[in-house]
2 protein chains.
Amino acid sequence: MYYSRRAKVTSREHAARARPPNVGILAMECYFPKNYLKQTALEEADGCAGKYTVGLGQESLAYFDDREDVASILLSALVRLLESYGITPDQVGRLEVGTETLIDKSKSVKTTLLGTLFGAHADVEGVTSTNACYGGTAALLNSVAWVESSAWDGRYAVVVCGDIAVYEKGPARPTGGGGAVAMLIGPDAPLAIVGPRCTHAVEVYDFYKPRGDTEYAMVDGKLSQAAYLTAVDECWAGLKSKLNAAAGETGLVLPNSSLDGFDYACMHSPYNKLVQKGFARLLYSDLVDEPTRPEWKDDAEAQAWAKVPPAQSVNDRESEKPLKRLSESRWKAMTSAGHTISRSVGNCYTAAVYMNLLSLASGLGEQLEGKRVLMFSYGSGAVATAFVIHARAPTGHNSLSLIGKHATPFTLARLQAAVDVPARLASRAARDVAAFSAAMDLRARRYGACDYEPAGSVDELFPGAYYLTKVDALHRRTYARKPDPLRRASSRKLV
Amino acid sequence: MYYSRRAKVTSREHAARARPPNVGILAMECYFPKNYLKQTALEEADGCAGKYTVGLGQESLAYFDDREDVASILLSALVRLLESYGITPDQVGRLEVGTETLIDKSKSVKTTLLGTLFGAHADVEGVTSTNACYGGTAALLNSVAWVESSAWDGRYAVVVCGDIAVYEKGPARPTGGGGAVAMLIGPDAPLAIVGPRCTHAVEVYDFYKPRGDTEYAMVDGKLSQAAYLTAVDECWAGLKSKLNAAAGETGLVLPNSSLDGFDYACMHSPYNKLVQKGFARLLYSDLVDEPTRPEWKDDAEAQAWAKVPPAQSVNDRESEKPLKRLSESRWKAMTSAGHTISRSVGNCYTAAVYMNLLSLASGLGEQLEGKRVLMFSYGSGAVATAFVIHARAPTGHNSLSLIGKHATPFTLARLQAAVDVPARLASRAARDVAAFSAAMDLRARRYGACDYEPAGSVDELFPGAYYLTKVDALHRRTYARKPDPLRRASSRKLV
């Protein structure tokens with residue numbers, strides 16, 4: 001027979017069944033398009049100065065015409081991850097996608113990524129995880145569990161998430177954007193996912209895409225904002241409770257859980273002002289938990305709100321100003337380093353919170369080591385999770401050996417060297433409202449169409465980007481890559 | 001700081017990091033509709049006697065009108081799992097869905113399941129996994145990894161997969177069908193998922209759903225058959241190689257891997273004749289590996305095919321008859337007990353292979369203990385995995401305690417008592433071709449529509465089934481449940 005039976009578990013078996021420690025994100029890359037529109041330009045066209053920059057807190061938004069689709073932008077992010085860090089396809093045992101920009105109700109974009117970059121076929125698990133903006137987090141947590149599971153065979157997992165966020169002409173259009181993030185997953189990670197986490201799942205029609213005739217979502221803006229803030233409340237209260245309960249466990253030394261236990265926060269970012277409201281809810285929970293703290297015990301307004309349960313104030317606009325005031329300094333200290341990309345490219349849906357993490361990690365590099373990051377991911381419908389990332393220096397070689405010797409370990413310094421966010425943002429091209437609107441119109445006309453070659457310019461793409469070359473009469477899509485001699489040369493140095 | 005650093009790993013830490021053993025399927029339930037059509041009736045209407053019964057190997061097909069959608073059928077399967085086995089929502093920490101019958105490109109059906117059966121909101125992870133018929137397997141493997149991971153909190157995971165398979169009028173229509181399977185996941189399982197597995201992922205447009213204006217897929221029948229058979233070849237060769245390589249590892253005692261190492265096989269079943277062709281490829285691989293075995297060393301035809309590499313014969317119809325002859329007796333012995341549901345309800349896409357496993361496990365009950373089941377899951381596009389289920393008697397209490405005492409353990413005998421497949425199939429209602437065609441037309445008219453109440457009869461549903469009550473003007477769906485006093489009473493006994 002196949003399986004020996006043993007009544008007792010020996011310590012050797014325990015060791016054989018032990019999960020690798022500190023599984024998490026080894027390396028990250030991203031892709032956003034070259035074309036962008038300044039929100040001030042959109043404000044001018046819409047006659048509403050300050051509404052998008054101050055009101056939404058956004059600087060600009062990335063946009064795509066019909067030359068790119070979700071598969072091409074995920075390919076562009078994935079190829080950067082492989083090249084920037086010298087990863088070869090045979091080192092990857094799992095490739096999972098998170099997206100809500102579906103171009104097919106059945107076929108996973110994962111198969112397109114695999115076919116394009118991994119050759120004819122491969123023993124690589126993973127499909128597409130879908131729940132609005134939460135799909136990237138589902139893919140990440142699934143991949144971390146795979147590395148910790150008995151099925152792990154020592155190869156890396158790769159998570160690729162991203163979306164194209166577009167809205168019809170009107171008040172939601174400035175909250176569009178788009179881009180993709182690719183992440184390499186393995187043990188002894190510089191961004192380890194550790195400790196308990198808390199999920200909030202609920203049935204709510206706040207943002208959803210039931211229509212087959214349009215790329216646009218059905219959105220109930222007010223409901224979506226309330227659902228986001230409620231999810232912050234529930235996930236944060238639940239996570240604090242679990243952190244306190246786990247205080248005695250091996251490897252975790254915990255204070256009374258509160259924002260004090262974290263150095264940074266990365267939250268799902270539809271637009272910056274909603275994130276700020278969400279962040280204020282974190283502090284609000286701490287205020288309700290500990291109203292007698294010195295920092296607010298003599299603040300009459302704080303004391304008044306400390307008596308209102310968070311669930312009662314989600315839709316109370318009166319609460320926003322005092323909570324913003326109370327949380328303002330921490331908001332800046334804990335989140336501003338993480339908002340570089342999202343304020344400039346707009347909503348990336350599944351990739352949004354990971355664009356924030358990448359902004360933070362690439363901006364700080366090894367200065368982030370030893371720090372705790374509170375992660376909050378939200379996907380309408382709704383599923384949300386708060387979890388903890390411990391930024392750390394790897395204790396050993398966490399990269400697979402190449403030709404018999406260890407490759408360069410994955411560290412935050414290496415991530416910082418690989419991804420220069422400000423330089424990439426600066427290399428983009430600002431377009432005018434007419435060009436942006438024409439791109440939106442072109443995308444809308446192409447939705448669901450077949451038997452066409454995209455009209456969008458390949459010249460306007462970044463070097464090294466993948467793009468759609470054709471959708472044939474049977475809706476089959478083909479892709480090509482814009483040459484990038486520079487990146488190929490520099491990536492060799494990093495291996 | 002939060003995290004203590006330790007240079008050395010102690011045996012106690014190894015124990016703390018040890019995965020629970022024998023994680024897999026604790027319990028299963030299923031749902032298929034009451035209405036079905038005999039394939040002989042369809043043959044008569046289409047004037048092609050024997051084409052669907054003998055040619056496809058199917059007996060009948062289940063069908064749905066507009067009264068049921070993917071959310072309602074997943075709800076119907078899930079509520080049966082909860083009630084048949086006395087599972088309460090607070091015992092579930094993960095709920096993951098596999099489906100390719102998407103009614104929304106963003107919102108996961110998981111949120112509808114949760115909102116309907118778990119109350120207002122819950123700390124329950126999991127979303128929807130999508131890659132054609134492979135989504136159920138992705139959800140299952142993700143859930144098994146979650147139980148093995150450090151994130152597991154002791155609660156069960158639940159996997160729900162299912163689809164409504166419909167084709168436009170023509171040769172593919174008789175390959176339709178539908179239904180859903182719900183599975184409870186935890187350690188010390190009677191259906192443990194053990195040992196290595198092998199995945200075959202490839203870019204192929206064999207079956208896909210790019211169109212937003214129809215429920216029907218784009219299908220290249222010939223390509224899909226070749227892709228399925230190639231996936232069998234690749235996964236089986238890869239799994240055998242991994243089983244042989246793992247022969248020395250703790251807990252696994254392996255012979256030279258071949259079909260001899262397995263007692264049963266459950267394969268993805270679009271229609272029975274394709275499964276038989278696929279099964280023949282398993283034996284074909286063994287023949288190529290070991291041509292001198294007594295069973296075929298004097299068989300001239302076998303010896304001729306033993307010299308042809310499988311990749312060369314995938315599209316060679318000449319190979320089908322001899323491979324069928326050589327594998328016929330094993331085909332019957334290893335698969336027929338598993339085909340009770342699938343031959344009678346038709347293709348269930350993501351649930352198909354699990355309908356087969358349920359047929360097998362509920363049919364044999366504890367007679368299955370000690371047996372090995374070869375699982376093969378295929379999803380067009382394509383991702384396929386071969387993996388191993390070890391059927392076993394639990395060694396301890398594998399059910400969560402209720403009110404301070406252990407609940408009834410999950411065993412194959414309990415599964416058999418809960419799900420009487422022949423009785424359920426016999427309780428269905430055979431309809432005529434006119435009723436079937438009217439249901440198909442009604443579904444087609446409703447696709448993408450909003451602001452309507454379904455016209456399909458609630459009387460024609462099984463007691464206890466969920467059904468769609470309304471799709472409002474904003475495409476929001478609401479559901480209700482048909483009363484079932486009998487099931488509620490009997491389920492109490494099982495707790």
# chains A, B, ... in the order shown; residues from 1 in each chain; ligands from 1

call {"tool": "residues_around", "arguments": {"residues": "stretch 396-398 of chain B", "least_positions_apart": "3", "cutoff": "10 Å", "atoms": "only C-alpha atoms", "output": "PyMOL selection string"}}
result
chain B and resi 26+186-190+393+401+406-411

call {"tool": "residues_around", "arguments": {"residues": "stretch 60-73 of chain B", "least_positions_apart": "2", "cutoff": "6 Å", "atoms": "only C-alpha atoms", "output": "list in words"}}
result
Tyr36, Leu37, Lys38, Gln39, Gln58, Leu75, Ser76, Val109, Gly177, Gly178, Ser344, Val345, Gly346, Ala439, Arg443, Pro454, Gly456, Tyr466, Tyr467 and Leu468 of chain B

call {"tool": "write_last_selection", "arguments": {"atoms": "C-alpha atoms", "output": "JSON list (two decimals), in the first residue's frame"}}
result
[["chain", "number", "residue", "atom", "x", "y", "z"],
["B", 36, "TYR", "CA", -34.27, 16.26, -16.65],
["B", 37, "LEU", "CA", -34.48, 15.05, -20.21],
["B", 38, "LYS", "CA", -33.66, 11.55, -21.39],
["B", 39, "GLN", "CA", -31.04, 11.50, -24.11],
["B", 58, "GLN", "CA", -24.85, 9.81, -21.62],
["B", 75, "LEU", "CA", -26.94, 27.88, -2.23],
["B", 76, "SER", "CA", -28.97, 24.69, -2.65],
["B", 109, "VAL", "CA", -21.15, 34.53, -5.68],
["B", 177, "GLY", "CA", -26.26, 19.62, -17.84],
["B", 178, "GLY", "CA", -25.60, 21.15, -14.47],
["B", 344, "SER", "CA", -27.59, 11.20, -15.53],
["B", 345, "VAL", "CA", -27.18, 14.96, -15.04],
["B", 346, "GLY", "CA", -24.63, 15.78, -17.74],
["B", 439, "ALA", "CA", -36.49, 26.27, -20.75],
["B", 443, "ARG", "CA", -32.79, 31.22, -20.29],
["B", 454, "PRO", "CA", -38.56, 34.62, -13.36],
["B", 456, "GLY", "CA", -40.06, 29.25, -14.29],
["B", 466, "TYR", "CA", -33.12, 27.96, -3.36],
["B", 467, "TYR", "CA", -34.47, 29.90, -6.32],
["B", 468, "LEU", "CA", -34.27, 33.33, -7.90]]

call {"tool": "closest_residue", "arguments": {"among": "A:Glu301, A:Glu453, A:Asp46, A:Asp263", "to": "A:Lys371", "atoms": "only C-alpha atoms"}}
result
A:Asp263

call {"tool": "interface_residues", "arguments": {"of": "chain B", "to": "chain A", "cutoff": "6 Å", "atoms": "only C-alpha atoms", "output": "number ranges by chain"}}
result
B: 2-4, 14-15, 17-19, 100, 104-108, 111-112, 115, 121-124, 127-132, 142, 145-146, 148-149, 199-203, 208-210, 212-213, 251-254, 381

call {"tool": "residues_around", "arguments": {"residues": "stretch 358-365 of chain A", "least_positions_apart": "3", "cutoff": "8 Å", "atoms": "only C-alpha atoms", "output": "list of chain:residue names"}}
result
A:Met28, A:Glu29, A:Ala337, A:Gly338, A:His339, A:Thr340, A:Ile341, A:Tyr354, A:Met355, A:Leu368, A:Glu369, A:Leu412, A:Ala413, A:Arg414, A:Leu415, A:Gln416, A:Ala417, A:Val419, A:Asp420, A:Val421

call {"tool": "atom_distance", "arguments": {"atom1": "atom CA of B:Val471", "atom2": "atom CA of B:Pro33"}}
result
20.6 Å

call {"tool": "atom_distance", "arguments": {"atom1": "atom CA of B:Lys470", "atom2": "atom CA of B:Thr88"}}
result
27.7 Å

call {"tool": "atom_distance", "arguments": {"atom1": "atom CA of A:Gly179", "atom2": "atom CA of A:Tyr31"}}
result
5.5 Å

call {"tool": "select_by_dssp", "arguments": {"residues": "stretch 143-340 of chain B", "states": "alpha helix (DSSP H)", "output": "PyMOL selection string"}}
result
chain B and resi 143-148+221-245+272-289+300-306+310-313+320-335+340

call {"tool": "residues_around", "arguments": {"residues": "A:Ala172", "least_positions_apart": "4", "cutoff": "10 Å", "atoms": "only C-alpha atoms", "output": "VMD selection string"}}
result
chain A and resid 166 to 168 176 219 221

call {"tool": "select_by_dssp", "arguments": {"residues": "stretch 167-197 of chain B", "states": "strand (DSSP E)", "output": "number ranges by chain"}}
result
B: 177-186, 191-197

call {"tool": "closest_residue", "arguments": {"among": "A:Gly162, A:Pro310, A:Pro174, A:Gly24", "to": "A:Cys48", "atoms": "only C-alpha atoms"}}
result
A:Pro174

call {"tool": "closest_residue", "arguments": {"among": "B:Leu223, B:Ala351, B:Ala306, B:Leu400", "to": "B:Gln91", "atoms": "only C-alpha atoms"}}
result
B:Leu400
